[in-house]
>>> print(open('protein16.cif').read())   # mmCIF, C-alpha atoms
data_upload
loop_
_atom_site.label_atom_id
_atom_site.label_comp_id
_atom_site.auth_asym_id
_atom_site.auth_seq_id
_atom_site.Cartn_x
_atom_site.Cartn_y
_atom_site.Cartn_z
CA MET A 59 0.00 0.00 0.00
CA HIS A 60 1.37 3.41 -0.90
CA ARG A 61 0.58 6.95 0.02
CA GLN A 62 2.09 10.19 -1.16
CA ILE A 63 4.57 11.33 1.47
CA MET A 64 3.68 14.82 2.64
CA THR A 65 5.82 15.17 5.75
CA ARG A 66 8.89 13.60 7.29
CA VAL A 67 10.16 13.99 10.83
CA PRO A 68 13.67 12.72 11.68
CA VAL A 69 13.77 9.88 14.21
CA CYS A 70 15.91 11.98 16.57
CA ALA A 71 13.12 14.59 16.76
CA ILE A 72 10.65 12.14 18.28
CA THR A 73 11.06 12.70 22.01
CA PRO A 74 9.48 10.66 24.85
CA ASP A 75 7.29 13.60 25.84
CA SER A 76 5.79 13.90 22.34
CA VAL A 77 2.06 13.29 22.14
CA SER A 78 2.18 11.93 18.60
CA GLY A 79 4.82 11.24 16.01
CA GLU A 80 5.26 10.58 12.31
CA ILE A 81 8.37 9.00 10.85
CA ILE A 82 9.56 7.56 7.57
CA GLY A 83 12.54 5.21 7.53
CA TRP A 84 13.94 1.75 6.94
CA VAL A 85 12.88 -1.33 8.87
CA HIS A 86 16.06 -2.23 10.70
CA GLU A 87 14.70 -5.23 12.54
CA ILE A 88 11.43 -7.17 12.96
CA ARG A 89 10.51 -9.07 16.11
CA ASP A 90 7.21 -10.92 16.27
CA LEU A 91 6.45 -12.36 19.71
CA GLY A 92 2.94 -13.57 18.96
CA GLY A 93 0.59 -11.10 20.56
CA LEU A 94 3.19 -8.34 20.43
CA ALA A 95 5.46 -7.26 17.59
CA PHE A 96 8.22 -4.71 17.28
CA LEU A 97 9.70 -2.89 14.33
CA LEU A 98 12.93 -0.96 14.74
CA VAL A 99 12.78 1.87 12.22
CA ARG A 100 15.96 3.67 11.23
CA ASP A 101 16.96 6.83 9.47
CA ARG A 102 20.33 8.56 9.52
CA THR A 103 19.51 10.26 12.83
CA GLY A 104 18.86 7.09 14.81
CA ILE A 105 16.54 4.17 15.52
CA ILE A 106 13.07 4.20 17.09
CA GLN A 107 10.93 1.30 18.26
CA VAL A 108 7.48 0.80 16.78
CA THR A 109 5.50 -1.35 19.22
CA ILE A 110 2.49 -3.22 17.82
CA PRO A 111 0.10 -4.77 20.38
CA LYS A 112 -1.87 -6.87 17.93
CA LYS A 113 -5.17 -6.84 19.86
CA LYS A 114 -5.16 -3.04 20.08
CA VAL A 115 -4.33 -2.05 16.48
CA GLY A 116 -6.42 -2.28 13.33
CA GLU A 117 -6.43 -5.20 10.91
CA GLU A 118 -4.78 -3.00 8.27
CA ILE A 119 -1.69 -2.65 10.46
CA ILE A 120 -1.62 -6.41 11.11
CA ALA A 121 -1.80 -7.07 7.36
CA THR A 122 1.06 -4.64 6.74
CA LEU A 123 3.12 -6.30 9.47
CA ARG A 124 2.74 -9.68 7.72
CA GLU A 125 3.89 -8.19 4.43
CA VAL A 126 6.78 -5.96 5.50
CA SER A 127 10.38 -7.12 5.13
CA ARG A 128 13.60 -5.84 6.65
CA GLU A 129 15.04 -2.74 4.93
CA SER A 130 11.65 -1.81 3.47
CA VAL A 131 10.80 1.88 3.76
CA VAL A 132 7.80 2.44 6.01
CA HIS A 133 5.67 5.41 7.04
CA VAL A 134 4.48 5.36 10.67
CA GLN A 135 2.05 7.66 12.48
CA GLY A 136 1.10 7.07 16.06
CA GLU A 137 1.24 7.76 19.77
CA VAL A 138 4.66 8.29 21.35
CA LYS A 139 5.40 6.86 24.79
CA ALA A 140 8.44 6.89 27.05
CA VAL A 141 9.90 3.38 27.48
CA ASN A 142 13.24 3.02 29.24
CA LYS A 143 14.22 -0.21 27.49
CA ALA A 144 13.45 1.06 23.98
CA PRO A 145 16.15 2.67 21.78
CA GLY A 146 16.31 6.35 22.68
CA GLY A 147 13.89 5.76 25.55
CA ARG A 148 10.77 6.07 23.41
CA GLU A 149 8.38 4.04 21.26
CA ILE A 150 5.53 4.67 18.83
CA ILE A 151 2.23 2.79 19.02
CA PRO A 152 1.12 2.98 15.36
CA LYS A 153 -2.23 4.26 14.16
CA VAL A 154 -0.93 4.17 10.58
CA LEU A 155 1.69 1.75 9.21
CA LEU A 156 2.31 1.91 5.47
CA ILE A 157 4.91 0.27 3.24
CA VAL A 158 6.36 2.97 1.03
CA SER A 159 8.91 0.75 -0.72
CA GLN A 160 9.20 -3.00 -0.23
CA ALA A 161 12.68 -4.57 0.00
CA GLN A 162 13.31 -7.87 -1.72
CA VAL A 163 14.42 -10.89 0.29
CA PRO A 164 16.95 -12.20 1.00
CA LEU A 165 19.15 -9.13 1.50
CA PRO A 166 22.66 -9.23 0.00
CA LEU A 167 24.06 -8.42 3.46
CA ASP A 168 22.84 -7.91 7.00
CA VAL A 169 22.40 -4.21 7.75
CA SER A 170 21.78 -4.93 11.44
CA GLU A 171 25.38 -6.24 11.57
CA LYS A 172 24.48 -9.47 13.32
CA VAL A 173 25.99 -11.41 10.41
CA PRO A 174 29.38 -9.99 9.33
CA ALA A 175 30.19 -9.55 5.65
CA GLU A 176 33.51 -9.49 3.80
CA LEU A 177 34.69 -6.10 2.56
CA ASP A 178 34.25 -7.10 -1.10
CA THR A 179 30.63 -8.10 -0.44
CA ARG A 180 30.09 -4.81 1.33
CA LEU A 181 31.58 -2.78 -1.51
CA ASP A 182 29.61 -4.72 -4.13
CA ASN A 183 26.46 -3.62 -2.28
CA ARG A 184 27.69 -0.26 -1.04
CA PHE A 185 24.25 1.38 -1.13
CA LEU A 186 23.08 -1.23 1.37
CA ASP A 187 26.31 -1.34 3.36
CA ALA A 188 26.13 2.42 3.83
CA ARG A 189 22.80 2.01 5.66
CA ARG A 190 24.69 0.36 8.52
CA PRO A 191 24.99 2.88 11.36
CA ARG A 192 28.74 2.33 11.70
CA VAL A 193 29.31 3.03 8.02
CA THR A 194 27.04 6.07 8.13
CA ALA A 195 29.14 7.29 11.06
CA VAL A 196 32.35 7.02 9.03
CA PHE A 197 30.94 9.23 6.31
CA GLN A 198 29.47 11.67 8.79
CA VAL A 199 33.02 12.11 10.10
CA ARG A 200 34.43 12.35 6.57
CA SER A 201 31.93 15.09 5.74
CA GLU A 202 32.94 17.00 8.87
CA VAL A 203 36.62 16.59 7.95
CA GLN A 204 36.04 18.17 4.52
CA HIS A 205 33.96 20.94 6.07
CA ALA A 206 36.59 21.65 8.73
CA VAL A 207 39.38 21.76 6.14
CA ARG A 208 37.49 24.26 4.00
CA ASN A 209 36.63 26.46 6.95
CA PHE A 210 40.19 26.44 8.26
CA LEU A 211 41.74 27.35 4.92
CA HIS A 212 39.04 29.89 4.03
CA ASP A 213 39.55 31.62 7.38
CA ASP A 214 43.29 31.68 6.71
CA GLY A 215 42.78 33.62 3.47
CA PHE A 216 43.00 30.80 0.93
CA TYR A 217 41.19 30.77 -2.41
CA GLU A 218 39.58 27.46 -3.35
CA ILE A 219 40.44 26.51 -6.93
CA THR A 220 39.43 23.72 -9.30
CA THR A 221 41.96 22.39 -11.79
CA SER A 222 41.68 20.06 -14.75
CA LYS A 223 41.89 16.31 -14.27
CA ILE A 224 42.70 15.78 -17.97
CA VAL A 225 46.31 16.70 -18.66
CA ALA A 226 48.92 16.42 -21.37
CA ALA A 227 51.95 15.73 -19.17
CA ALA A 228 52.71 13.80 -16.00
CA THR A 229 52.98 15.81 -12.82
CA GLU A 230 56.00 13.94 -11.57
CA GLY A 231 57.07 11.92 -14.59
CA GLY A 232 57.24 8.16 -14.53
CA THR A 233 54.79 5.62 -15.86
CA GLU A 234 52.14 5.72 -13.13
CA LEU A 235 49.60 7.34 -15.42
CA PHE A 236 46.19 6.42 -16.77
CA PRO A 237 46.16 7.27 -20.49
CA ILE A 238 42.82 8.28 -21.98
CA ALA A 239 41.50 8.73 -25.52
CA TYR A 240 41.15 12.48 -25.97
CA PHE A 241 40.16 13.10 -29.58
CA GLU A 242 43.38 13.29 -31.66
CA LYS A 243 45.67 14.03 -28.68
CA GLU A 244 47.49 12.02 -26.06
CA ALA A 245 46.14 12.78 -22.60
CA PHE A 246 46.20 11.38 -19.08
CA LEU A 247 44.25 11.51 -15.84
CA ASN A 248 46.03 13.89 -13.51
CA GLN A 249 48.30 12.55 -10.78
CA SER A 250 47.99 15.78 -8.80
CA PRO A 251 47.06 19.45 -9.25
CA GLN A 252 50.71 20.29 -8.49
CA LEU A 253 51.64 22.06 -11.71
CA TYR A 254 48.43 24.07 -11.83
CA LYS A 255 48.49 25.28 -8.26
CA GLN A 256 52.10 26.43 -8.81
CA MET A 257 50.92 28.33 -11.88
CA MET A 258 48.43 30.12 -9.64
CA MET A 259 51.34 31.38 -7.57
CA ALA A 260 52.54 33.16 -10.73
CA ALA A 261 49.02 34.57 -11.07
CA GLY A 262 49.40 36.29 -7.71
CA PHE A 263 46.74 34.26 -5.88
CA GLU A 264 49.30 33.69 -3.06
CA LYS A 265 47.24 31.09 -1.15
CA VAL A 266 45.22 28.39 -2.91
CA TYR A 267 43.80 25.00 -2.09
CA GLU A 268 41.89 22.28 -3.88
CA ILE A 269 40.01 19.21 -2.65
CA GLY A 270 39.61 16.82 -5.54
CA PRO A 271 40.40 13.45 -7.10
CA ILE A 272 43.86 12.32 -8.13
CA PHE A 273 44.73 9.21 -10.15
CA ARG A 274 47.75 6.92 -9.78
CA ALA A 275 48.23 3.84 -11.94
CA GLU A 276 50.17 2.02 -9.23
CA GLU A 277 49.79 -1.75 -9.17
CA HIS A 278 49.44 -1.97 -5.41
CA ASN A 279 47.19 -4.37 -3.52
CA THR A 280 47.50 -3.00 0.00
CA THR A 281 45.21 -1.65 2.70
CA LYS A 282 46.53 1.90 2.23
CA HIS A 283 46.67 2.42 -1.55
CA LEU A 284 43.95 3.47 -4.00
CA ASN A 285 44.11 4.28 -7.70
CA GLU A 286 41.61 7.11 -7.34
CA ALA A 287 42.03 9.11 -4.16
CA THR A 288 40.86 12.44 -2.78
CA SER A 289 43.67 14.89 -2.19
CA ILE A 290 43.69 18.11 -0.20
CA ASP A 291 46.27 20.31 -1.93
CA VAL A 292 47.68 23.63 -0.74
CA GLU A 293 50.14 26.12 -2.25
CA VAL A 294 51.39 29.33 -0.59
CA SER A 295 53.58 32.16 -1.90
CA PHE A 296 56.28 34.02 0.00
CA THR A 297 56.99 31.22 2.45
CA ASP A 298 59.21 28.16 2.73
CA HIS A 299 58.68 24.53 3.65
CA THR A 300 58.56 25.24 7.39
CA GLY A 301 55.76 27.77 6.86
CA VAL A 302 53.49 25.28 5.09
CA MET A 303 54.36 22.56 7.60
CA ASP A 304 52.99 24.87 10.30
CA ILE A 305 49.78 25.31 8.28
CA LEU A 306 49.42 21.55 7.83
CA GLU A 307 50.02 20.77 11.48
CA ASN A 308 47.57 23.43 12.66
CA MET A 309 44.96 22.26 10.16
CA ILE A 310 45.22 18.62 11.27
CA ARG A 311 44.77 19.68 14.88
CA HIS A 312 41.78 21.86 13.92
CA VAL A 313 40.15 19.01 11.99
CA TYR A 314 40.48 16.62 14.95
CA ARG A 315 38.96 19.24 17.27
CA GLU A 316 36.01 19.82 14.94
CA VAL A 317 35.34 16.09 14.59
CA SER A 318 35.54 15.69 18.37
CA THR A 319 33.09 18.58 18.85
CA HIS A 320 30.56 17.89 16.10
CA CYS A 321 30.66 14.11 15.64
CA SER A 322 30.26 12.78 19.18
CA ASP A 323 27.36 10.49 18.20
CA ALA A 324 29.28 9.10 15.22
CA LEU A 325 32.38 8.52 17.36
CA ALA A 326 30.25 6.76 19.97
CA CYS A 327 28.73 4.56 17.24
CA LEU A 328 32.27 3.66 16.17
CA GLU A 329 33.16 2.93 19.82
CA MET A 330 35.86 5.58 19.79
CA ASP A 331 35.58 6.68 23.40
CA SER A 332 39.33 7.32 23.45
CA PHE A 333 39.35 9.69 20.44
CA VAL A 334 42.35 11.94 21.07
CA VAL A 335 42.92 15.41 19.60
CA PRO A 336 46.66 15.95 19.01
CA SER A 337 47.85 18.63 21.42
CA ASP A 338 51.63 18.68 21.29
CA SER A 339 53.66 19.93 18.33
CA PHE A 340 54.42 17.24 15.77
CA PRO A 341 58.10 16.18 16.02
CA ARG A 342 60.23 17.01 12.96
CA ILE A 343 63.05 14.58 12.30
CA PRO A 344 65.49 14.77 9.37
CA TYR A 345 65.55 11.90 6.90
CA ARG A 346 69.09 10.92 8.02
CA ASP A 347 67.88 10.47 11.60
CA ALA A 348 64.77 8.62 10.46
CA ILE A 349 66.67 5.99 8.51
CA GLU A 350 69.14 5.60 11.37
CA ILE A 351 66.32 5.00 13.88
CA ALA A 352 64.51 2.59 11.56
CA GLY A 353 67.71 0.76 10.60
CA LYS A 354 68.64 0.15 14.23
CA LYS A 355 65.14 -1.00 15.14
CA MET A 356 65.04 -3.44 12.23
CA ASP A 357 68.69 -4.40 12.62
CA GLU A 358 68.96 -3.70 8.90
CA PRO A 359 70.71 -0.47 7.85
CA ILE A 360 68.94 1.77 5.32
CA ALA A 361 71.27 3.40 2.81
CA PHE A 362 71.11 7.15 2.27
CA GLY A 363 69.01 7.71 -0.84
CA ASP A 364 66.73 4.72 -0.29
CA ASP A 365 63.06 5.35 0.24
CA ILE A 366 61.51 4.55 3.61
CA GLY A 367 59.45 1.44 3.03
CA THR A 368 56.47 -0.02 4.84
CA ALA A 369 58.54 -1.95 7.41
CA ALA A 370 60.59 1.13 8.25
CA GLU A 371 57.43 3.27 8.48
CA LYS A 372 55.98 0.77 10.94
CA VAL A 373 58.94 0.82 13.34
CA LEU A 374 59.22 4.60 13.08
CA GLY A 375 55.52 4.90 13.90
CA GLU A 376 55.94 2.67 16.93
CA GLU A 377 58.91 4.77 18.05
CA MET A 378 57.20 8.13 17.54
CA GLY A 379 53.72 7.19 18.73
CA THR A 380 52.14 10.32 17.23
CA HIS A 381 51.98 12.39 14.05
CA TYR A 382 55.47 13.44 12.98
CA PHE A 383 57.32 14.99 10.05
CA ILE A 384 60.27 13.52 8.17
CA THR A 385 62.21 16.45 6.70
CA ASP A 386 65.27 17.18 4.53
CA TRP A 387 64.95 14.33 2.04
CA PRO A 388 67.56 13.34 -0.56
CA THR A 389 67.00 15.46 -3.66
CA ALA A 390 67.40 12.41 -5.89
CA ILE A 391 64.23 10.68 -4.60
CA LYS A 392 61.93 13.70 -4.52
CA PRO A 393 60.19 15.37 -7.50
CA TYR A 394 61.99 17.87 -9.73
CA TYR A 395 60.10 20.81 -8.25
CA ALA A 396 61.51 20.31 -4.72
CA MET A 397 63.96 23.05 -3.76
CA PRO A 398 67.48 21.83 -2.88
CA TYR A 399 69.43 23.47 -0.08
CA GLU A 400 71.86 26.01 -1.49
CA ASP A 401 74.80 24.77 0.64
CA GLU A 402 73.89 21.06 0.40
CA PRO A 403 72.13 20.43 -2.93
CA GLU A 404 71.92 16.68 -2.40
CA ILE A 405 69.31 17.47 0.27
CA CYS A 406 66.04 19.24 -0.53
CA LYS A 407 63.49 21.18 1.46
CA ALA A 408 60.91 18.41 1.30
CA PHE A 409 58.89 16.75 4.04
CA ASP A 410 56.38 13.99 4.67
CA LEU A 411 53.74 14.08 7.39
CA MET A 412 53.45 10.66 8.96
CA HIS A 413 50.80 9.03 11.11
CA PRO A 414 52.14 6.06 13.11
CA ARG A 415 50.31 3.82 10.63
CA MET A 416 51.18 5.44 7.29
CA GLU A 417 52.22 8.53 5.32
CA LEU A 418 49.51 11.18 5.15
CA SER A 419 51.07 14.08 3.26
CA SER A 420 54.05 15.07 1.16
CA GLY A 421 55.24 18.61 0.50
CA ALA A 422 58.18 20.90 -0.12
CA GLU A 423 59.41 24.36 -0.82
CA ARG A 424 59.30 24.58 -4.63
CA VAL A 425 61.92 25.63 -7.12
CA HIS A 426 60.87 29.06 -8.39
CA ASP A 427 63.93 29.74 -10.58
CA HIS A 428 63.21 28.87 -14.21
CA ASP A 429 66.70 27.68 -15.17
CA LEU A 430 67.14 25.52 -12.08
CA LEU A 431 63.72 23.96 -12.67
CA VAL A 432 64.61 23.12 -16.28
CA ARG A 433 67.85 21.49 -15.14
CA GLN A 434 66.10 19.42 -12.51
CA ILE A 435 63.44 18.26 -14.97
CA ALA A 436 66.19 17.11 -17.33
CA GLU A 437 68.11 15.42 -14.49
CA LYS A 438 65.02 13.31 -13.79
CA GLY A 439 65.20 12.03 -17.36
CA LEU A 440 62.22 14.10 -18.54
CA ASN A 441 62.00 16.37 -21.55
CA PRO A 442 61.51 20.04 -20.53
CA ASP A 443 59.77 20.66 -23.87
CA ASN A 444 56.85 18.58 -22.61
CA PHE A 445 56.43 20.99 -19.70
CA GLU A 446 56.40 24.28 -21.62
CA PHE A 447 52.90 25.19 -20.40
CA TYR A 448 54.17 24.75 -16.83
CA LEU A 449 57.56 26.40 -17.31
CA LYS A 450 56.25 29.50 -19.05
CA PRO A 451 55.01 31.24 -15.86
CA PHE A 452 58.45 30.83 -14.30
CA ARG A 453 59.87 33.25 -16.90
CA TYR A 454 57.54 36.09 -15.89
CA GLY A 455 57.97 36.61 -12.17
CA MET A 456 57.37 33.51 -10.04
CA PRO A 457 57.42 34.17 -6.28
CA PRO A 458 59.03 31.80 -3.77
CA HIS A 459 56.39 29.29 -2.72
CA ALA A 460 55.76 25.99 -0.97
CA GLY A 461 52.92 23.52 -0.56
CA TRP A 462 51.72 20.05 0.16
CA GLY A 463 49.19 17.38 -0.74
CA LEU A 464 47.29 15.50 1.97
CA GLY A 465 45.41 12.25 1.43
CA SER A 466 41.86 12.83 2.65
CA ASP A 467 41.05 9.11 2.59
CA ARG A 468 44.08 8.23 4.69
CA LEU A 469 43.38 11.07 7.08
CA VAL A 470 39.90 9.67 7.80
CA ALA A 471 41.12 6.06 7.93
CA THR A 472 43.84 6.83 10.48
CA MET A 473 41.63 9.19 12.48
CA LEU A 474 39.00 6.43 12.90
CA SER A 475 41.43 3.48 13.11
CA LEU A 476 39.84 1.86 10.06
CA PRO A 477 41.78 -1.27 9.01
CA ASN A 478 41.51 -0.52 5.28
CA VAL A 479 41.51 2.86 3.53
CA ARG A 480 38.72 1.58 1.27
CA GLU A 481 36.38 1.82 4.25
CA ALA A 482 36.85 5.61 4.21
CA VAL A 483 35.76 5.87 0.55
CA LEU A 484 32.21 5.42 -0.70
CA PHE A 485 33.13 3.84 -4.04
CA PRO A 486 36.84 2.93 -3.95
CA ARG A 487 38.84 2.35 -7.10
CA ASP A 488 41.74 -0.03 -6.86
CA ARG A 489 43.57 -2.33 -9.25
CA HIS A 490 40.61 -4.71 -9.49
CA ARG A 491 37.51 -2.63 -8.70
CA VAL A 492 35.80 -0.30 -11.17
CA VAL A 493 32.17 -0.93 -10.12
CA PRO A 494 29.84 0.06 -8.59
#
>>> encode(input="protein16.cif", output="structure tokens")
Amino acid sequence: MHRQIMTRVPVCAITPDSVSGEIIGWVHEIRDLGGLAFLLVRDRTGIIQVTIPKKKVGEEIIATLREVSRESVVHVQGEVKAVNKAPGGREIIPKVLLIVSQAQVPLPLDVSEKVPAELDTRLDNRFLDARRPRVTAVFQVRSEVQHAVRNFLHDDGFYEITTSKIVAAATEGGTELFPIAYFEKEAFLNQSPQLYKQMMMAAGFEKVYEIGPIFRAEEHNTTKHLNEATSIDVEVSFTDHTGVMDILENMIRHVYREVSTHCSDALACLEMDSFVVPSDSFPRIPYRDAIEIAGKKMDEPIAFGDDIGTAAEKVLGEEMGTHYFITDWPTAIKPYYAMPYEDEPEICKAFDLMHPRMELSSGAERVHDHDLLVRQIAEKGLNPDNFEFYLKPFRYGMPPHAGWGLGSDRLVATMLSLPNVREAVLFPRDRHRVVP
């Protein structure tokens, strides 16, 4: 039976002292005890109990009760009563119970979470998985993270920009690119907005940020890598790498505070009673010290110029126990746009922000001298002619500048202690998954 829906009241708005209530939501659970039945009805604000004493309600409600299935959408009108044992301390005795949209049976997965499902099954049925309160809570937090980032950067005088995701040249070179058919031209999905946000420094924008997708054709199958990720990118003129590290650290702390303040119900749903807002300054350790610490812990020396792999990241994270920066990286293993130290050119003014579990962000002071940038592009084995659109602004007054890119997905995953970064993404794209 269907009826045009005229009104909708969120579950959380139905209080025990209400005289009557009207809700529309999904049937989370059905319990039929013979003479008494219960429906738990859910929307994104919570769950309310619909109590059906069969001898006291009309035959139409009894008929609907026989027909309804879990995860069907129902419309309930009735009397609200305070009941201590009911979810939220209240229940509705229905005068009207209508099925708005019937759910097929069996369900592909159990939304009530009594029967666990593998991550692949969950992602194959993400629309249904996302009805689970714990999953809803993750994306409530993610939304607050994005909101907090925008507010923080806007209040700090940043312009939000949007750059193209279809590009003619790789941001950092290499083969980790997704080629696409673009009419008669060769084109790729962008690895990062790096080149474009630097061009905006030449435009005099001074402070810009972008929150958007990036694409990496890396053949990883890990719990921390995705082929389409959301990046929070920042670029700032008239500062150096330490200046943008300060911005990043302060922003991370601000985001944690905002989540703690505005997402208490979501954190409780995720059983994160010990959610901690970083208070102390993030330690900053040079790359040389980092590889020495990791090498000693693993009893396996790391040569200068080697990247810091997963095993080394793990022992460093255990040693540090908090967010920390690794600074002053070898120039040879960082992108061509990283500024080398004048008195020690084999070291550059680059940094990574690390969570004890994984890398979150990478940044640097950028090369703003045209000739030096051309040389460094060539030294990486790339053809400067392919970067003419990028190099052109550097010939017409490019200010000193620095910036970073922060993985939004990893930020949420580490903040909520999610075991797999895919759980922080609605529709993740990895080496094997392109649907839904």
>>> closest_residue(input="protein16.cif", among="A:Arg489, A:Val203, A:Val154, A:Pro494", to="Arg274 in chain A", atoms="only C-alpha atoms")
A:Arg489
>>> residues_around(input="protein16.cif", residues="Leu418 in chain A", least_positions_apart="6", cutoff="10 Å", atoms="all atoms listed in the file", output="ChimeraX atom specification")
/A:381,383,410-412,463-469,472
>>> atom_distance(input="protein16.cif", atom1="CA of Ser130 in chain A", atom2="CA of Gln160 in chain A")
4.6 Å
>>> resolve_selection(input="protein16.cif", expression="the PyMOL selection byres ((chain A and resi 311) around 12)", output="PyMOL selection string")
chain A and resi 203+206-207+210+304-310+312-318+334-340+381+469+473
>>> write_last_selection(input="protein16.cif", atoms="C-alpha atoms", output="mmCIF file, in the frame of the given file")
data_model
loop_
_atom_site.group_PDB
_atom_site.id
_atom_site.type_symbol
_atom_site.label_atom_id
_atom_site.label_comp_id
_atom_site.auth_asym_id
_atom_site.auth_seq_id
_atom_site.Cartn_x
_atom_site.Cartn_y
_atom_site.Cartn_z
ATOM 1 C CA VAL A 203 36.620 16.590 7.950
ATOM 2 C CA ALA A 206 36.590 21.650 8.730
ATOM 3 C CA VAL A 207 39.380 21.760 6.140
ATOM 4 C CA PHE A 210 40.190 26.440 8.260
ATOM 5 C CA ASP A 304 52.990 24.870 10.300
ATOM 6 C CA ILE A 305 49.780 25.310 8.280
ATOM 7 C CA LEU A 306 49.420 21.550 7.830
ATOM 8 C CA GLU A 307 50.020 20.770 11.480
ATOM 9 C CA ASN A 308 47.570 23.430 12.660
ATOM 10 C CA MET A 309 44.960 22.260 10.160
ATOM 11 C CA ILE A 310 45.220 18.620 11.270
ATOM 12 C CA HIS A 312 41.780 21.860 13.920
ATOM 13 C CA VAL A 313 40.150 19.010 11.990
ATOM 14 C CA TYR A 314 40.480 16.620 14.950
ATOM 15 C CA ARG A 315 38.960 19.240 17.270
ATOM 16 C CA GLU A 316 36.010 19.820 14.940
ATOM 17 C CA VAL A 317 35.340 16.090 14.590
ATOM 18 C CA SER A 318 35.540 15.690 18.370
ATOM 19 C CA VAL A 334 42.350 11.940 21.070
ATOM 20 C CA VAL A 335 42.920 15.410 19.600
ATOM 21 C CA PRO A 336 46.660 15.950 19.010
ATOM 22 C CA SER A 337 47.850 18.630 21.420
ATOM 23 C CA ASP A 338 51.630 18.680 21.290
ATOM 24 C CA SER A 339 53.660 19.930 18.330
ATOM 25 C CA PHE A 340 54.420 17.240 15.770
ATOM 26 C CA HIS A 381 51.980 12.390 14.050
ATOM 27 C CA LEU A 469 43.380 11.070 7.080
ATOM 28 C CA MET A 473 41.630 9.190 12.480
#
>>> residues_around(input="protein16.cif", residues="range 233-245 of chain A", least_positions_apart="3", cutoff="6 Å", atoms="only C-alpha atoms", output="list in words")
Val225, Ala226, Arg274, Ala275 and Glu276 of chain A
>>> closest_residue(input="protein16.cif", among="A:Tyr394, A:Asn183, A:Ser222, A:Leu325", to="Arg200 in chain A", atoms="only C-alpha atoms")
A:Leu325
>>> closest_residue(input="protein16.cif", among="A:Gln252, A:Thr281, A:Ser170, A:Gln135", to="Ile151 in chain A", atoms="all atoms listed in the file")
A:Gln135
>>> atom_distance(input="protein16.cif", atom1="CA of Leu156 in chain A", atom2="CA of Ile106 in chain A")
16.0 Å
>>> residues_near_point(input="protein16.cif", point="(72.2, 4.4, 1.3)", cutoff="12 Å", atoms="only C-alpha atoms", output="list in words")
Tyr345, Arg346, Ile349, Glu350, Gly353, Glu358, Pro359, Ile360, Ala361, Phe362, Gly363, Asp364, Asp365, Ile366, Pro388, Ala390 and Ile391 of chain A
>>> closest_residue(input="protein16.cif", among="A:Ala352, A:Ala121, A:Thr179, A:Asp291", to="Lys255 in chain A", atoms="only C-alpha atoms")
A:Asp291
>>> resolve_selection(input="protein16.cif", expression="the PyMOL selection byres ((chain A and resi 157) around 7)", output="number ranges by chain")
A: 59-60, 126, 131-133, 155-156, 158-160
>>> write_last_selection(input="protein16.cif", atoms="C-alpha atoms", output="JSON list (two decimals), keeping the file's coordinate frame")
[["chain", "number", "residue", "atom", "x", "y", "z"],
["A", 59, "MET", "CA", 0.00, 0.00, 0.00],
["A", 60, "HIS", "CA", 1.37, 3.41, -0.90],
["A", 126, "VAL", "CA", 6.78, -5.96, 5.50],
["A", 131, "VAL", "CA", 10.80, 1.88, 3.76],
["A", 132, "VAL", "CA", 7.80, 2.44, 6.01],
["A", 133, "HIS", "CA", 5.67, 5.41, 7.04],
["A", 155, "LEU", "CA", 1.69, 1.75, 9.21],
["A", 156, "LEU", "CA", 2.31, 1.91, 5.47],
["A", 158, "VAL", "CA", 6.36, 2.97, 1.03],
["A", 159, "SER", "CA", 8.91, 0.75, -0.72],
["A", 160, "GLN", "CA", 9.20, -3.00, -0.23]]
>>> resolve_selection(input="protein16.cif", expression="the PyMOL selection byres ((chain A and resi 322) around 12)", output="PyMOL selection string")
chain A and resi 195-196+198-199+202+314-321+323-333
